[in-house]
$ cat query20.txt   # compact mmCIF, C-alpha atoms
# COMPACT_ATOMS: atom_id res chain seq x y z
CA MET K 1 46.61 15.57 118.52
CA LYS K 2 49.84 17.47 119.16
CA THR K 3 50.08 19.99 121.97
CA THR K 4 52.39 22.92 122.59
CA GLU K 5 52.58 25.90 124.88
CA MET K 6 52.91 28.42 122.09
CA ALA K 7 52.09 28.04 118.39
CA ILE K 8 53.27 30.61 115.85
CA ILE K 9 51.66 30.60 112.41
CA GLY K 10 54.20 31.94 109.94
CA ALA K 11 57.98 31.53 109.87
CA GLY K 12 58.80 34.95 108.45
CA PRO K 13 60.57 37.86 110.18
CA ALA K 14 57.81 38.34 112.78
CA GLY K 15 57.24 34.65 113.45
CA LEU K 16 60.90 33.72 113.87
CA SER K 17 61.62 36.75 116.07
CA CYS K 18 58.64 35.84 118.22
CA ALA K 19 59.82 32.24 118.51
CA VAL K 20 63.30 33.31 119.60
CA GLU K 21 62.01 35.57 122.38
CA ALA K 22 59.53 33.03 123.75
CA ALA K 23 61.91 30.06 123.54
CA ARG K 24 64.71 32.08 125.14
CA ALA K 25 62.40 32.62 128.10
CA GLY K 26 61.80 28.86 128.35
CA ALA K 27 58.49 28.31 126.53
CA LYS K 28 57.83 25.30 124.34
CA VAL K 29 57.34 26.80 120.89
CA THR K 30 56.05 25.32 117.63
CA VAL K 31 56.21 27.28 114.37
CA LEU K 32 54.11 26.34 111.34
CA ASP K 33 54.72 27.57 107.80
CA GLU K 34 53.31 26.52 104.44
CA ASN K 35 56.61 26.98 102.62
CA LEU K 36 59.41 24.49 102.15
CA LYS K 37 61.92 26.90 103.68
CA PRO K 38 61.54 29.20 106.70
CA GLY K 39 62.52 32.85 106.72
CA GLY K 40 59.75 34.43 104.67
CA GLN K 41 60.67 37.69 102.95
CA LEU K 42 64.11 37.93 104.55
CA PHE K 43 65.70 35.47 102.15
CA LYS K 44 64.58 37.56 99.18
CA GLN K 45 66.18 40.69 100.59
CA ILE K 46 69.77 40.89 99.44
CA HIS K 47 69.99 44.64 100.16
CA LYS K 48 71.31 46.10 103.40
CA PHE K 49 68.83 47.23 106.05
CA PHE K 50 68.46 50.87 107.06
CA GLY K 51 67.98 52.28 110.54
CA SER K 52 70.18 52.01 113.59
CA ARG K 53 72.53 49.30 114.79
CA GLU K 54 69.65 48.01 116.93
CA HIS K 55 67.70 47.47 113.70
CA ARG K 56 70.68 45.66 112.14
CA ALA K 57 71.46 48.50 109.76
CA GLY K 58 74.05 47.54 107.18
CA THR K 59 73.18 43.84 107.36
CA ARG K 60 71.63 42.13 104.36
CA GLY K 61 68.17 40.65 104.87
CA PHE K 62 69.10 37.06 104.06
CA ARG K 63 71.87 37.15 106.66
CA ILE K 64 69.40 38.36 109.30
CA GLY K 65 67.14 35.50 108.31
CA GLN K 66 69.97 32.99 108.74
CA GLN K 67 70.80 34.42 112.16
CA LEU K 68 67.18 33.99 113.28
CA LEU K 69 67.11 30.42 111.97
CA ASP K 70 70.33 29.59 113.81
CA GLU K 71 68.86 30.98 117.03
CA THR K 72 65.63 28.99 116.73
CA GLU K 73 67.63 25.82 116.17
CA LYS K 74 69.85 26.43 119.20
CA LEU K 75 66.80 27.16 121.37
CA GLY K 76 65.02 23.97 120.33
CA VAL K 77 62.08 25.57 118.54
CA GLU K 78 60.00 23.02 116.62
CA VAL K 79 59.51 24.24 113.02
CA LEU K 80 56.88 22.44 110.92
CA LEU K 81 57.42 23.31 107.25
CA ASN K 82 55.16 22.45 104.31
CA SER K 83 52.35 22.82 106.85
CA THR K 84 49.35 24.79 105.63
CA VAL K 85 47.11 26.05 108.42
CA TYR K 86 43.49 26.12 107.24
CA GLY K 87 41.56 26.37 110.49
CA LEU K 88 41.72 28.20 113.81
CA TYR K 89 38.96 27.11 116.16
CA GLU K 90 37.72 27.51 119.72
CA ASP K 91 40.03 26.64 122.61
CA ARG K 92 43.00 27.60 120.40
CA LEU K 93 42.87 24.50 118.21
CA ILE K 94 44.83 24.70 114.95
CA ALA K 95 44.04 22.52 111.93
CA TYR K 96 46.71 22.10 109.26
CA ILE K 97 47.76 19.89 106.37
CA LYS K 98 51.25 18.41 106.23
CA ASP K 99 52.46 15.80 103.76
CA GLY K 100 48.95 15.45 102.41
CA ARG K 101 47.44 14.56 105.80
CA ASP K 102 45.25 16.49 108.23
CA HIS K 103 46.69 17.31 111.65
CA THR K 104 45.62 19.27 114.71
CA LEU K 105 47.65 21.23 117.22
CA LYS K 106 46.38 22.48 120.59
CA ALA K 107 48.19 25.52 121.97
CA GLU K 108 47.91 27.61 125.12
CA LYS K 109 48.94 30.73 123.18
CA ILE K 110 48.78 31.42 119.45
CA VAL K 111 50.59 34.10 117.46
CA ILE K 112 49.31 34.82 113.95
CA ALA K 113 52.23 36.06 111.86
CA THR K 114 50.94 35.28 108.37
CA GLY K 115 52.27 38.38 106.63
CA ALA K 116 50.70 39.97 103.57
CA SER K 117 49.98 39.24 99.91
CA GLU K 118 50.70 41.34 96.83
CA ASN K 119 47.95 43.46 95.32
CA ALA K 120 46.98 43.05 91.67
CA LEU K 121 46.16 45.70 89.08
CA ALA K 122 43.58 45.36 86.30
CA PHE K 123 44.32 46.55 82.75
CA PRO K 124 43.96 45.09 79.23
CA GLY K 125 46.48 42.26 79.02
CA CYS K 126 46.97 41.87 82.76
CA THR K 127 46.47 38.08 82.56
CA LEU K 128 49.20 37.51 79.97
CA PRO K 129 52.22 35.41 80.98
CA GLY K 130 54.94 37.84 81.98
CA VAL K 131 52.74 40.00 84.20
CA MET K 132 53.63 39.27 87.82
CA GLY K 133 54.02 40.77 91.27
CA ALA K 134 57.33 42.42 92.07
CA GLY K 135 57.66 40.02 95.00
CA ALA K 136 57.32 37.06 92.65
CA ALA K 137 60.09 38.48 90.47
CA GLN K 138 62.24 39.02 93.57
CA THR K 139 61.70 35.38 94.58
CA MET K 140 62.71 34.20 91.12
CA ILE K 141 65.98 36.14 91.00
CA ASN K 142 67.11 36.06 94.63
CA VAL K 143 65.88 32.64 95.74
CA ASN K 144 65.52 30.51 92.60
CA ARG K 145 68.20 32.29 90.53
CA VAL K 146 65.87 32.55 87.51
CA LEU K 147 65.55 35.75 85.46
CA PRO K 148 61.82 36.44 84.86
CA GLY K 149 62.47 38.45 81.70
CA GLU K 150 64.97 40.59 79.81
CA LYS K 151 63.05 43.86 79.41
CA VAL K 152 60.97 44.90 82.40
CA VAL K 153 58.44 47.64 83.10
CA MET K 154 58.03 48.21 86.84
CA VAL K 155 54.71 49.59 88.10
CA GLY K 156 54.94 51.35 91.47
CA SER K 157 57.63 53.55 93.03
CA GLY K 158 57.38 52.47 96.66
CA ASN K 159 60.43 50.88 98.24
CA VAL K 160 59.49 47.47 96.84
CA GLY K 161 59.32 48.75 93.27
CA LEU K 162 62.55 50.72 93.60
CA ILE K 163 64.54 47.97 95.34
CA VAL K 164 63.34 45.15 93.09
CA SER K 165 64.10 47.28 90.00
CA TYR K 166 67.71 47.57 91.12
CA GLN K 167 67.91 43.88 91.96
CA LEU K 168 66.52 42.96 88.54
CA MET K 169 69.30 45.00 86.96
CA GLN K 170 71.85 43.26 89.19
CA ALA K 171 70.48 39.95 87.90
CA GLY K 172 70.95 41.02 84.28
CA ALA K 173 67.55 42.43 83.27
CA ASP K 174 66.97 45.78 81.57
CA VAL K 175 64.38 47.85 83.45
CA VAL K 176 63.12 49.97 80.56
CA ALA K 177 60.85 52.16 82.72
CA LEU K 178 59.37 52.60 86.17
CA ILE K 179 55.91 54.20 86.27
CA GLU K 180 53.98 55.63 89.22
CA ALA K 181 50.32 56.71 89.21
CA ALA K 182 50.87 59.22 92.02
CA PRO K 183 52.41 62.63 91.28
CA LYS K 184 55.61 61.79 93.15
CA ILE K 185 57.83 58.85 94.06
CA GLY K 186 56.54 56.87 97.03
CA GLY K 187 59.75 55.27 98.35
CA TYR K 188 63.04 56.49 99.77
CA GLY K 189 64.94 58.98 97.64
CA VAL K 190 68.18 57.02 98.04
CA HIS K 191 66.61 54.02 96.26
CA ALA K 192 65.13 56.16 93.50
CA ALA K 193 68.43 57.96 92.94
CA LYS K 194 70.25 54.65 92.62
CA ILE K 195 68.10 53.37 89.74
CA ARG K 196 68.04 56.80 88.06
CA ARG K 197 71.84 56.82 88.07
CA ALA K 198 71.69 53.39 86.46
CA GLY K 199 69.63 54.84 83.64
CA VAL K 200 66.07 53.82 84.52
CA PRO K 201 63.53 56.51 83.51
CA ILE K 202 60.86 57.20 86.15
CA PHE K 203 57.48 58.49 85.02
CA ALA K 204 55.15 59.90 87.70
CA SER K 205 51.41 60.50 87.15
CA THR K 206 51.52 57.57 84.72
CA THR K 207 49.78 54.21 84.51
CA ILE K 208 49.50 51.24 82.16
CA LYS K 209 46.95 51.67 79.40
CA GLU K 210 47.50 48.30 77.76
CA VAL K 211 49.89 45.37 77.62
CA LEU K 212 50.51 44.09 74.10
CA GLY K 213 50.89 40.45 73.10
CA GLU K 214 48.97 37.34 72.09
CA GLU K 215 50.47 34.57 74.20
CA ARG K 216 52.90 36.59 76.34
CA VAL K 217 53.93 40.15 77.09
CA GLU K 218 55.46 41.78 74.02
CA GLY K 219 55.07 45.46 74.79
CA VAL K 220 53.54 48.03 77.15
CA ILE K 221 51.60 51.21 76.41
CA THR K 222 51.53 53.76 79.22
CA VAL K 223 49.46 56.93 79.56
CA GLU K 224 49.73 60.00 81.78
CA LEU K 225 47.14 60.89 84.43
CA ASP K 226 45.73 64.31 85.27
CA GLU K 227 45.15 65.72 88.76
CA LYS K 228 41.86 63.78 88.94
CA TRP K 229 43.59 60.50 88.03
CA LYS K 230 41.98 60.46 84.58
CA GLN K 231 43.92 59.29 81.52
CA VAL K 232 45.16 62.11 79.29
CA ASN K 233 44.66 61.29 75.60
CA GLY K 234 47.69 61.87 73.42
CA THR K 235 50.24 61.17 76.20
CA GLU K 236 50.73 57.50 75.41
CA ARG K 237 54.22 55.96 75.32
CA GLN K 238 55.07 52.50 74.03
CA PHE K 239 57.85 50.34 75.47
CA GLU K 240 59.26 47.09 74.17
CA ALA K 241 59.06 44.67 77.11
CA ASP K 242 58.57 41.01 77.93
CA THR K 243 57.80 41.44 81.66
CA VAL K 244 55.59 43.70 83.76
CA CYS K 245 56.19 43.75 87.52
CA LEU K 246 53.47 45.11 89.81
CA ALA K 247 54.58 46.80 93.02
CA VAL K 248 51.22 48.32 93.90
CA GLY K 249 50.95 47.54 97.57
CA LEU K 250 50.23 44.65 99.90
CA SER K 251 47.18 43.44 101.81
CA PRO K 252 47.41 41.77 105.26
CA LEU K 253 46.66 38.04 105.24
CA THR K 254 43.98 38.13 107.94
CA GLU K 255 41.80 35.12 107.08
CA LEU K 256 42.79 33.10 110.15
CA ALA K 257 42.16 36.05 112.46
CA TRP K 258 38.70 36.48 110.91
CA MET K 259 38.02 32.77 111.33
CA ALA K 260 39.06 32.85 114.98
CA GLY K 261 36.61 35.69 115.64
CA CYS K 262 39.02 38.58 116.30
CA GLU K 263 37.58 42.07 116.15
CA PHE K 264 38.80 44.24 113.25
CA ALA K 265 39.25 47.91 112.36
CA PHE K 266 39.35 49.34 108.83
CA ILE K 267 42.54 51.43 108.50
CA PRO K 268 43.49 52.14 104.85
CA ALA K 269 47.02 53.25 105.77
CA LEU K 270 47.69 49.75 107.12
CA GLY K 271 46.29 47.92 104.09
CA GLY K 272 42.57 47.64 104.92
CA HIS K 273 40.88 45.55 107.61
CA VAL K 274 43.35 44.68 110.38
CA PRO K 275 42.89 42.85 113.70
CA ILE K 276 42.62 45.12 116.73
CA HIS K 277 45.29 44.47 119.33
CA ASP K 278 46.71 45.99 122.51
CA ARG K 279 50.27 47.04 123.31
CA ASN K 280 51.13 43.38 123.98
CA MET K 281 49.99 42.50 120.42
CA GLU K 282 47.13 40.49 121.97
CA THR K 283 43.88 40.58 119.98
CA THR K 284 40.36 40.87 121.37
CA LEU K 285 40.50 37.10 121.89
CA PRO K 286 42.56 36.28 125.01
CA GLY K 287 45.57 34.14 124.19
CA ILE K 288 45.67 35.01 120.49
CA TYR K 289 48.32 37.49 119.37
CA VAL K 290 49.29 39.04 116.04
CA ALA K 291 52.62 40.32 114.72
CA GLY K 292 54.08 41.60 111.47
CA ASP K 293 52.28 42.59 108.28
CA VAL K 294 49.07 40.86 109.34
CA THR K 295 48.65 43.82 111.73
CA GLY K 296 49.28 46.33 108.93
CA VAL K 297 51.91 46.48 106.22
CA GLU K 298 55.27 47.91 107.30
CA GLU K 299 58.96 47.11 106.90
CA ALA K 300 60.66 43.86 107.96
CA SER K 301 62.36 45.66 110.86
CA SER K 302 58.97 46.60 112.33
CA ALA K 303 57.70 43.06 111.80
CA MET K 304 60.62 41.64 113.79
CA GLU K 305 60.04 44.07 116.65
CA GLU K 306 56.33 43.23 116.79
CA GLY K 307 57.25 39.55 116.81
CA ARG K 308 59.60 40.10 119.75
CA LEU K 309 56.88 42.02 121.56
CA ALA K 310 54.34 39.22 121.09
CA GLY K 311 56.93 36.64 122.16
CA VAL K 312 57.74 38.47 125.39
CA ALA K 313 54.07 39.09 126.20
CA ALA K 314 53.04 35.50 125.55
CA ALA K 315 55.97 34.13 127.56
CA GLU K 316 55.00 36.44 130.43
CA SER K 317 51.41 35.20 130.25
CA LEU K 318 52.69 31.62 130.41
CA GLY K 319 54.67 32.46 133.55
CA TYR K 320 58.18 32.32 132.07
CA ILE K 321 58.98 36.01 132.59
CA ASP K 322 58.10 37.99 135.71
CA ALA K 323 56.10 41.21 135.31
CA GLN K 324 58.98 43.58 136.04
CA LYS K 325 61.38 41.95 133.59
CA ALA K 326 58.67 41.73 130.93
CA GLU K 327 57.86 45.39 131.33
CA GLU K 328 61.52 46.32 130.88
CA LEU K 329 61.79 44.21 127.72
CA LYS K 330 58.55 45.56 126.26
CA LYS K 331 59.61 49.14 126.96
CA GLU K 332 62.86 48.57 125.05
CA ILE K 333 61.00 47.03 122.11
CA TRP K 334 58.43 49.81 121.98
CA GLY K 335 61.27 52.33 121.97
CA ARG K 336 62.73 50.69 118.86
CA LEU K 337 59.31 50.47 117.22
CA ASP K 338 58.62 54.14 117.85
CA ALA K 339 62.01 55.01 116.36
CA LEU K 340 61.13 53.09 113.20
CA ARG K 341 57.86 54.99 112.90
CA THR K 342 59.33 58.49 113.02
CA GLY K 343 60.28 60.71 110.09
CA PRO K 344 58.35 61.58 106.91
CA PHE K 345 57.70 57.96 105.94
CA GLY K 346 56.97 56.63 109.42
CA GLU K 347 54.59 59.21 110.88
CA GLY K 348 51.62 57.94 108.88
CA ARG K 349 52.23 54.40 110.09
CA ARG K 350 52.62 55.62 113.66
CA ALA K 351 49.27 57.45 113.51
CA ALA K 352 47.58 54.42 111.96
CA LYS K 353 48.99 52.08 114.61
CA PHE K 354 47.82 54.44 117.34
CA LYS K 355 44.34 54.29 115.81
CA GLN K 356 44.55 50.49 115.90
CA LEU K 357 45.47 50.52 119.59
CA SER K 358 42.80 53.14 120.35
CA SER K 359 40.17 50.89 118.77
CA ARG K 360 41.05 48.22 121.34
CA ARG K 361 40.71 50.69 124.21
CA LEU K 362 37.36 51.93 122.95
CA MET K 363 36.06 48.34 122.85
CA ALA K 364 37.36 47.47 126.32

$ encode --input "query20.txt" --output "structure tokens"
Amino acid sequence: MKTTEMAIIGAGPAGLSCAVEAARAGAKVTVLDENLKPGGQLFKQIHKFFGSREHRAGTRGFRIGQQLLDETEKLGVEVLLNSTVYGLYEDRLIAYIKDGRDHTLKAEKIVIATGASENALAFPGCTLPGVMGAGAAQTMINVNRVLPGEKVVMVGSGNVGLIVSYQLMQAGADVVALIEAAPKIGGYGVHAAKIRRAGVPIFASTTIKEVLGEERVEGVITVELDEKWKQVNGTERQFEADTVCLAVGLSPLTELAWMAGCEFAFIPALGGHVPIHDRNMETTLPGIYVAGDVTGVEEASSAMEEGRLAGVAAAESLGYIDAQKAEELKKEIWGRLDALRTGPFGEGRRAAKFKQLSSRRLMA
């Protein structure tokens, strides 16, 4: 059985940022990830980040990912790839499969940074080849350099739907329409304006009625929705398409936190049931921390800050950072997190996160 001071499950933005902070302080860190490459969502993000210089504004996501990987390598972080964690047991024992064999890892501190998964949407024809998550399409074009289709209908106008629509066009696809069930666009206006200028029609209060095709997607019929979200007969439109991308939200991947016995709170704004944690990102189980989308779906910048926060707190708990220095670092990180959660798009997240923290205080 392997041992380590600190185990991080997930090598995405939160996990790598956490590893860097803890290893920089002197902790022995092991990162586990089920994928063949580390970096998570960052290597699918070819667009430039928003925010301030502190949030790496103007830097493309894949470059941020490479910087984090370089730092982990310099700091001697052990990264176990192709390692699927399937169990989290008492005394912080991790069970995982690597190269077809079972392994165990005992850690003094554990950080769960497993991210989130794409939501599905049910409609006639939703199981046809060519219907996929927007994240899957983004992986195909930005990581594997494969075009998922030539004529695409995007469902969902959040930032994912808007950004991936533009990236699909950059890759050579024709986005024939973007539809949104809500009465207005959900993402940043700057992203919506960019695809509108490129000629993509955006239809609000609209959903998919049916996808046409026998063995693959051959067309899409949409229908408008009234103020009660009911389909309005006679408002159907038909589009020629071979691909439907679903950008209809994400759900935190919380299975390991459930298995460990963490307490949860149901907060719809964060994606559903999320593990309760304190301002150090520590859950109701001492020594087990969470960071990133597993705590509630946000942007990659927030995930990295939460990872840093968990890394500092865990390193402090291990004795690598004194209380005064740790408090200074955590104050700086919380300042950046609060800045990310301000404005019209961030206030809801800020209120939801406060509710998550309040749940921990009420249970204490």

$ closest_residue --input "query20.txt" --among "K:Ala326, K:Ala19, K:Val153, K:Ala260" --to "Thr222 of chain K" --atoms "all atoms listed in the file"
K:Val153

$ atom_distance --input "query20.txt" --atom1 "atom CA of Ala173 of chain K" --atom2 "atom CA of Ala192 of chain K"
17.3 Å

$ atom_distance --input "query20.txt" --atom1 "atom CA of Leu68 of chain K" --atom2 "atom CA of Ala95 of chain K"
25.9 Å

$ residues_around --input "query20.txt" --residues "Val31 of chain K" --least-positions-apart "3" --cutoff "7 Å" --atoms "only C-alpha atoms" --output "PyMOL selection string"
chain K and resi 7-11+78-80

$ closest_residue --input "query20.txt" --among "K:Val290, K:Val164, K:Leu337, K:Ala198" --to "Ala314 of chain K" --atoms "only C-alpha atoms"
K:Val290

$ residues_around --input "query20.txt" --residues "Gly271 of chain K" --least-positions-apart "3" --cutoff "6 Å" --atoms "only C-alpha atoms" --output "list of chain:residue names"
K:Ser251, K:Pro268, K:Gly296

$ closest_atom_pairs --input "query20.txt" --of "segment 174-288 of chain K" --to "segment 123-129 of chain K" --cutoff "10 Å" --atoms "only C-alpha atoms" --output "JSON lines"
{"residue": "K:Thr207", "atom": "CA", "partner": "K:Phe123", "partner_atom": "CA", "distance": 9.6}
{"residue": "K:Ile208", "atom": "CA", "partner": "K:Phe123", "partner_atom": "CA", "distance": 7.0}
{"residue": "K:Lys209", "atom": "CA", "partner": "K:Phe123", "partner_atom": "CA", "distance": 6.7}
{"residue": "K:Glu210", "atom": "CA", "partner": "K:Pro124", "partner_atom": "CA", "distance": 5.0}
{"residue": "K:Val211", "atom": "CA", "partner": "K:Gly125", "partner_atom": "CA", "distance": 4.8}
{"residue": "K:Leu212", "atom": "CA", "partner": "K:Gly125", "partner_atom": "CA", "distance": 6.6}
{"residue": "K:Gly213", "atom": "CA", "partner": "K:Gly125", "partner_atom": "CA", "distance": 7.6}
{"residue": "K:Glu214", "atom": "CA", "partner": "K:Leu128", "partner_atom": "CA", "distance": 7.9}
{"residue": "K:Glu215", "atom": "CA", "partner": "K:Leu128", "partner_atom": "CA", "distance": 6.6}
{"residue": "K:Arg216", "atom": "CA", "partner": "K:Pro129", "partner_atom": "CA", "distance": 4.8}
{"residue": "K:Val217", "atom": "CA", "partner": "K:Leu128", "partner_atom": "CA", "distance": 6.1}
{"residue": "K:Glu218", "atom": "CA", "partner": "K:Leu128", "partner_atom": "CA", "distance": 9.6}
{"residue": "K:Val220", "atom": "CA", "partner": "K:Gly125", "partner_atom": "CA", "distance": 9.3}
{"residue": "K:Asp242", "atom": "CA", "partner": "K:Pro129", "partner_atom": "CA", "distance": 9.0}
{"residue": "K:Thr243", "atom": "CA", "partner": "K:Pro129", "partner_atom": "CA", "distance": 8.2}
{"residue": "K:Val244", "atom": "CA", "partner": "K:Cys126", "partner_atom": "CA", "distance": 8.9}

$ closest_residue --input "query20.txt" --among "K:Asp102, K:Asp322, K:Glu5, K:Glu34" --to "Leu81 of chain K" --atoms "all atoms listed in the file"
K:Glu34

$ atom_distance --input "query20.txt" --atom1 "atom CA of Phe203 of chain K" --atom2 "atom CA of Ala300 of chain K"
27.4 Å

$ closest_residue --input "query20.txt" --among "K:Ile276, K:Val175, K:Ala247, K:Val85" --to "Thr295 of chain K" --atoms "all atoms listed in the file"
K:Ile276

$ residues_near_point --input "query20.txt" --point "(54.2, 15.8, 99.6)" --cutoff "12 Å" --atoms "all atoms listed in the file" --output "list in words"
Glu34, Asn35, Leu36, Leu81, Asn82, Ser83, Thr84, Ile97, Lys98, Asp99, Gly100 and Arg101 of chain K

$ closest_residue --input "query20.txt" --among "K:Ala241, K:Val143, K:Leu270, K:Leu309" --to "Tyr289 of chain K" --atoms "all atoms listed in the file"
K:Leu309

$ residues_around --input "query20.txt" --residues "Glu108 of chain K" --least-positions-apart "4" --cutoff "12 Å" --atoms "all atoms listed in the file" --output "PyMOL selection string"
chain K and resi 2-8+27-30+90-94+286-289+314-315+317-319

$ closest_residue --input "query20.txt" --among "K:Val160, K:Ala113, K:Ala134, K:Ala204" --to "His191 of chain K" --atoms "only C-alpha atoms"
K:Val160

$ residues_around --input "query20.txt" --residues "Asp293 of chain K" --least-positions-apart "4" --cutoff "12 Å" --atoms "all atoms listed in the file" --output "mmCIF file with C-alpha atoms, in the frame of the given file"
data_model
loop_
_atom_site.group_PDB
_atom_site.id
_atom_site.type_symbol
_atom_site.label_atom_id
_atom_site.label_comp_id
_atom_site.auth_asym_id
_atom_site.auth_seq_id
_atom_site.Cartn_x
_atom_site.Cartn_y
_atom_site.Cartn_z
ATOM 1 C CA GLY K 10 54.200 31.940 109.940
ATOM 2 C CA GLY K 12 58.800 34.950 108.450
ATOM 3 C CA PRO K 13 60.570 37.860 110.180
ATOM 4 C CA ALA K 14 57.810 38.340 112.780
ATOM 5 C CA GLY K 15 57.240 34.650 113.450
ATOM 6 C CA GLY K 40 59.750 34.430 104.670
ATOM 7 C CA GLN K 41 60.670 37.690 102.950
ATOM 8 C CA ILE K 112 49.310 34.820 113.950
ATOM 9 C CA ALA K 113 52.230 36.060 111.860
ATOM 10 C CA THR K 114 50.940 35.280 108.370
ATOM 11 C CA GLY K 115 52.270 38.380 106.630
ATOM 12 C CA ALA K 116 50.700 39.970 103.570
ATOM 13 C CA SER K 117 49.980 39.240 99.910
ATOM 14 C CA GLU K 118 50.700 41.340 96.830
ATOM 15 C CA GLY K 249 50.950 47.540 97.570
ATOM 16 C CA LEU K 250 50.230 44.650 99.900
ATOM 17 C CA SER K 251 47.180 43.440 101.810
ATOM 18 C CA PRO K 252 47.410 41.770 105.260
ATOM 19 C CA LEU K 253 46.660 38.040 105.240
ATOM 20 C CA THR K 254 43.980 38.130 107.940
ATOM 21 C CA LEU K 270 47.690 49.750 107.120
ATOM 22 C CA GLY K 271 46.290 47.920 104.090
ATOM 23 C CA GLY K 272 42.570 47.640 104.920
ATOM 24 C CA HIS K 273 40.880 45.550 107.610
ATOM 25 C CA VAL K 274 43.350 44.680 110.380
ATOM 26 C CA PRO K 275 42.890 42.850 113.700
ATOM 27 C CA VAL K 297 51.910 46.480 106.220
ATOM 28 C CA GLU K 298 55.270 47.910 107.300
ATOM 29 C CA GLU K 299 58.960 47.110 106.900
ATOM 30 C CA ALA K 300 60.660 43.860 107.960
ATOM 31 C CA SER K 301 62.360 45.660 110.860
ATOM 32 C CA SER K 302 58.970 46.600 112.330
ATOM 33 C CA ALA K 303 57.700 43.060 111.800
ATOM 34 C CA MET K 304 60.620 41.640 113.790
ATOM 35 C CA GLU K 305 60.040 44.070 116.650
ATOM 36 C CA GLU K 306 56.330 43.230 116.790
ATOM 37 C CA GLY K 307 57.250 39.550 116.810
ATOM 38 C CA ARG K 349 52.230 54.400 110.090
ATOM 39 C CA LYS K 353 48.990 52.080 114.610
#

$ axis_aligned_box --input "query20.txt" --around "segment 193-206 of chain K" --padding-each-side "6 Å" --output "JSON"
{"center_x": 61.6, "center_y": 56.9, "center_z": 88.2, "size_x": 32.4, "size_y": 19.1, "size_z": 21.4}

$ residues_around --input "query20.txt" --residues "Ala25 of chain K" --least-positions-apart "3" --cutoff "8 Å" --atoms "only C-alpha atoms" --output "mmCIF file with C-alpha atoms, in the coordinates of the input"
data_model
loop_
_atom_site.group_PDB
_atom_site.id
_atom_site.type_symbol
_atom_site.label_atom_id
_atom_site.label_comp_id
_atom_site.auth_asym_id
_atom_site.auth_seq_id
_atom_site.Cartn_x
_atom_site.Cartn_y
_atom_site.Cartn_z
ATOM 1 C CA GLU K 21 62.010 35.570 122.380
ATOM 2 C CA ALA K 22 59.530 33.030 123.750
ATOM 3 C CA VAL K 312 57.740 38.470 125.390
ATOM 4 C CA ALA K 315 55.970 34.130 127.560
ATOM 5 C CA TYR K 320 58.180 32.320 132.070
ATOM 6 C CA ILE K 321 58.980 36.010 132.590
#

$ build_atoms --input "query20.txt" --residues "segment 121-133 of chain K" --atoms "N, CA and C atoms" --output "compact mmCIF listing (two decimals), in the frame of the given file"
# COMPACT_ATOMS: atom_id res chain seq x y z
N LEU K 121 46.60 44.51 89.78
CA LEU K 121 46.16 45.70 89.08
C LEU K 121 45.51 45.25 87.78
N ALA K 122 44.32 45.77 87.50
CA ALA K 122 43.58 45.36 86.30
C ALA K 122 43.82 46.33 85.15
N PHE K 123 44.15 45.77 83.98
CA PHE K 123 44.32 46.55 82.75
C PHE K 123 44.27 45.57 81.59
N PRO K 124 43.98 46.01 80.38
CA PRO K 124 43.96 45.09 79.23
C PRO K 124 45.30 44.38 79.09
N GLY K 125 45.26 43.06 79.12
CA GLY K 125 46.48 42.26 79.02
C GLY K 125 47.08 41.86 80.34
N CYS K 126 46.38 42.15 81.44
CA CYS K 126 46.97 41.87 82.76
C CYS K 126 47.08 40.38 83.08
N THR K 127 46.40 39.52 82.30
CA THR K 127 46.47 38.08 82.56
C THR K 127 47.49 37.37 81.67
N LEU K 128 48.20 38.13 80.84
CA LEU K 128 49.20 37.51 79.97
C LEU K 128 50.39 36.98 80.78
N PRO K 129 50.98 35.85 80.37
CA PRO K 129 52.22 35.41 80.98
C PRO K 129 53.29 36.49 80.86
N GLY K 130 53.97 36.77 81.95
CA GLY K 130 54.94 37.84 81.98
C GLY K 130 54.52 38.99 82.85
N VAL K 131 53.23 39.03 83.22
CA VAL K 131 52.74 40.00 84.20
C VAL K 131 52.77 39.34 85.56
N MET K 132 53.46 39.92 86.52
CA MET K 132 53.63 39.27 87.82
C MET K 132 53.84 40.32 88.91
N GLY K 133 53.70 39.90 90.15
CA GLY K 133 54.02 40.77 91.27
C GLY K 133 55.52 40.98 91.38
